[in-house]
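So this one's query-v6.cif, mmCIF, C-alpha atoms:
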data_work
loop_
_atom_site.group_PDB
_atom_site.id
_atom_site.type_symbol
_atom_site.label_atom_id
_atom_site.label_comp_id
_atom_site.auth_asym_id
_atom_site.auth_seq_id
_atom_site.Cartn_x
_atom_site.Cartn_y
_atom_site.Cartn_z
ATOM 1 C CA MET Z 1 10.699 -11.219 -52.238
ATOM 2 C CA SER Z 2 13.857 -11.657 -50.166
ATOM 3 C CA LYS Z 3 14.398 -14.270 -47.477
ATOM 4 C CA GLN Z 4 14.229 -11.525 -44.828
ATOM 5 C CA GLU Z 5 10.870 -10.282 -46.130
ATOM 6 C CA LYS Z 6 9.458 -13.824 -46.107
ATOM 7 C CA LEU Z 7 10.652 -14.340 -42.533
ATOM 8 C CA LEU Z 8 9.187 -10.980 -41.511
ATOM 9 C CA ILE Z 9 5.790 -12.047 -42.857
ATOM 10 C CA LYS Z 10 6.102 -15.395 -41.032
ATOM 11 C CA VAL Z 11 6.907 -13.636 -37.739
ATOM 12 C CA LEU Z 12 4.092 -11.112 -38.154
ATOM 13 C CA ARG Z 13 1.515 -13.826 -38.907
ATOM 14 C CA GLY Z 14 2.368 -15.530 -35.620
ATOM 15 C CA VAL Z 15 1.275 -19.005 -36.685
ATOM 16 C CA SER Z 16 4.635 -20.767 -36.341
ATOM 17 C CA ASP Z 17 6.527 -19.059 -33.526
ATOM 18 C CA ALA Z 18 8.109 -22.342 -32.402
ATOM 19 C CA ASN Z 19 9.433 -23.124 -35.899
ATOM 20 C CA ILE Z 20 11.763 -20.177 -36.497
ATOM 21 C CA SER Z 21 15.483 -20.784 -36.362
ATOM 22 C CA PHE Z 22 17.460 -18.663 -33.944
ATOM 23 C CA SER Z 23 19.965 -17.568 -36.586
ATOM 24 C CA ASP Z 24 17.136 -16.464 -38.905
ATOM 25 C CA LEU Z 25 15.519 -14.411 -36.132
ATOM 26 C CA CYS Z 26 18.850 -12.722 -35.342
ATOM 27 C CA SER Z 27 19.368 -12.043 -39.031
ATOM 28 C CA LEU Z 28 15.899 -10.480 -39.254
ATOM 29 C CA LEU Z 29 16.662 -8.140 -36.351
ATOM 30 C CA ARG Z 30 19.933 -7.072 -37.990
ATOM 31 C CA TYR Z 31 17.969 -6.494 -41.227
ATOM 32 C CA LEU Z 32 15.638 -4.224 -39.224
ATOM 33 C CA GLU Z 33 18.732 -2.232 -38.140
ATOM 34 C CA PHE Z 34 19.064 -3.504 -34.590
ATOM 35 C CA ASP Z 35 22.533 -3.525 -33.043
ATOM 36 C CA GLU Z 36 23.630 -6.897 -31.682
ATOM 37 C CA ARG Z 37 25.839 -7.586 -28.675
ATOM 38 C CA ILE Z 38 26.705 -11.133 -27.643
ATOM 39 C CA ARG Z 39 27.433 -12.199 -24.048
ATOM 40 C CA GLY Z 40 27.812 -15.971 -23.884
ATOM 41 C CA SER Z 41 24.626 -17.472 -25.318
ATOM 42 C CA HIS Z 42 22.699 -14.208 -24.904
ATOM 43 C CA HIS Z 43 22.204 -12.090 -28.001
ATOM 44 C CA ILE Z 44 21.177 -8.599 -26.936
ATOM 45 C CA PHE Z 45 19.512 -6.365 -29.529
ATOM 46 C CA THR Z 46 19.013 -2.618 -29.240
ATOM 47 C CA ARG Z 47 17.922 0.047 -31.672
ATOM 48 C CA THR Z 48 17.742 3.814 -31.513
ATOM 49 C CA GLY Z 49 14.140 4.863 -30.947
ATOM 50 C CA VAL Z 50 13.130 1.524 -29.401
ATOM 51 C CA GLU Z 51 12.927 1.594 -25.597
ATOM 52 C CA GLU Z 52 12.892 -2.165 -25.050
ATOM 53 C CA ILE Z 53 15.990 -4.335 -25.133
ATOM 54 C CA LEU Z 54 15.603 -7.775 -26.700
ATOM 55 C CA ASN Z 55 17.615 -10.470 -24.920
ATOM 56 C CA LEU Z 56 17.411 -13.703 -26.939
ATOM 57 C CA GLN Z 57 18.882 -17.154 -26.337
ATOM 58 C CA PRO Z 58 18.710 -20.188 -28.619
ATOM 59 C CA LYS Z 59 17.156 -23.492 -27.615
ATOM 60 C CA HIS Z 60 18.574 -26.341 -29.688
ATOM 61 C CA GLY Z 61 19.159 -23.969 -32.613
ATOM 62 C CA MET Z 62 15.620 -22.603 -32.573
ATOM 63 C CA ALA Z 63 14.192 -19.349 -31.288
ATOM 64 C CA LYS Z 64 11.983 -19.651 -28.228
ATOM 65 C CA ALA Z 65 8.323 -19.048 -29.091
ATOM 66 C CA TYR Z 66 7.825 -16.388 -26.419
ATOM 67 C CA GLN Z 67 10.852 -14.486 -27.714
ATOM 68 C CA VAL Z 68 9.477 -14.550 -31.273
ATOM 69 C CA LYS Z 69 6.276 -13.057 -29.823
ATOM 70 C CA GLN Z 70 8.324 -10.321 -28.122
ATOM 71 C CA VAL Z 71 10.029 -9.521 -31.425
ATOM 72 C CA ARG Z 72 6.647 -9.400 -33.215
ATOM 73 C CA ASN Z 73 5.244 -7.024 -30.582
ATOM 74 C CA ILE Z 74 8.250 -4.680 -30.952
ATOM 75 C CA ILE Z 75 7.986 -4.710 -34.758
ATOM 76 C CA LEU Z 76 4.291 -3.863 -34.592
ATOM 77 C CA ARG Z 77 4.532 -1.309 -31.761
ATOM 78 C CA TYR Z 78 7.281 0.701 -33.492
ATOM 79 C CA LYS Z 79 6.035 0.018 -37.053
ATOM 80 C CA LEU Z 80 9.414 -1.346 -38.097
ATOM 81 C CA ALA Z 81 7.987 -3.481 -40.904
ATOM 82 C CA GLY Z 82 6.892 -0.527 -42.989
ATOM 83 C CA GLU Z 83 3.435 0.333 -44.232
ATOM 84 C CA ASP Z 84 3.083 -2.789 -46.391
ATOM 85 C CA TYR Z 85 3.021 -5.080 -43.338
ATOM 86 C CA ASP Z 86 0.987 -3.062 -40.840
ATOM 87 C CA GLU Z 87 -2.048 -4.905 -39.533
#
Any chance you could give the structure as structure tokens?
Amino acid sequence: MSKQEKLLIKVLRGVSDANISFSDLCSLLRYLEFDERIRGSHHIFTRTGVEEILNLQPKHGMAKAYQVKQVRNIILRYKLAGEDYDE
């Protein structure tokens, strides 16, 4: 199992939203084929077929818990994790 798959499982479980590094979360979104645009500290992620735009900012090198929850909701709503991870 790759690092990205392990992180995907961690995000989908939702038990440690405050303990995910910002760079790992950005890497996961790129793995899920999101396009990234950076404006200052804002990392803006878009993907064809996904209406929402994810605007993420780091806090001391970590992802903000509410932003991890937003990412989880997008992954689940659009079934981006594949059939193996659907709840």
Taking the file as shown, find all residues satisfying the PyMOL selection byres ((chain Z and resi 60) around 12) and write them as a PyMOL selection string. chain Z and resi 18-23+41+57-59+61-64
Pairwise distance, atom CA of His42 of chain Z with atom CA of Ala81 of chain Z, equals 24.2 Å
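Atom to atom, atom CA of Leu32 of chain Z and atom CA of Ala65 of chain Z stand 19.4 Å apart.
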Taken to one decimal, the atom CA of Val50 of chain Z-atom CA of Arg77 of chain Z distance is 9.4 Å
Residues around (20.6, -9.5, -23.2), cut-off 9 Å, counting all atoms listed in the file - what are they as a PyMOL selection string? chain Z and resi 37-39+42-45+53-57
List every protein, DNA or RNA residue with an atom no more than 6 Å from (16.2, -9.5, -43.2) in the file's coordinates, counting all atoms listed in the file, and format the result as an NGL selection string. :Z and (4 or 27-28 or 31)
Please write the residues from the selection above to a file, keeping C-alpha atoms, as a short mmCIF file (atom, residue, chain, number, x, y, z; two decimals), in the coordinates of the input.
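Written out: part.cif:
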data_model
loop_
_atom_site.label_atom_id
_atom_site.label_comp_id
_atom_site.auth_asym_id
_atom_site.auth_seq_id
_atom_site.Cartn_x
_atom_site.Cartn_y
_atom_site.Cartn_z
CA GLN Z 4 14.23 -11.52 -44.83
CA SER Z 27 19.37 -12.04 -39.03
CA LEU Z 28 15.90 -10.48 -39.25
CA TYR Z 31 17.97 -6.49 -41.23
#
Which is closest to Lys10 of chain Z among Z:Thr48, Z:Leu25, Z:Asp35, Z:Gln67, if we use all atoms listed in the file? Z:Leu25
Expected axis-aligned box over every listed atom of segment 53-72 of chain Z, 3 Å added per side, centre plus edges in Å to one decimal, as AutoDock Vina command-line options:
--center_x 12.7 --center_y -15.3 --center_z -29.1 --size_x 18.9 --size_y 28.0 --size_z 14.3
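When only C-alpha atoms are used to measure the gap to Ser16 of chain Z, the shortest distance among Z:Arg72, Z:Gly40, Z:Leu29, Z:Thr46 belongs to Z:Arg72.
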Please evaluate the PyMOL selection byres ((chain Z and resi 78) around 12) against the structure above and give the resulting residues as an MDAnalysis selection string. chainID Z and resid 32 47:52 71:77 79:83 86
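Using only C-alpha atoms, the smallest distance between any of Z:Val15, Z:Cys26, Z:Met1, Z:Leu7 and Lys69 of chain Z comes from Z:Val15.
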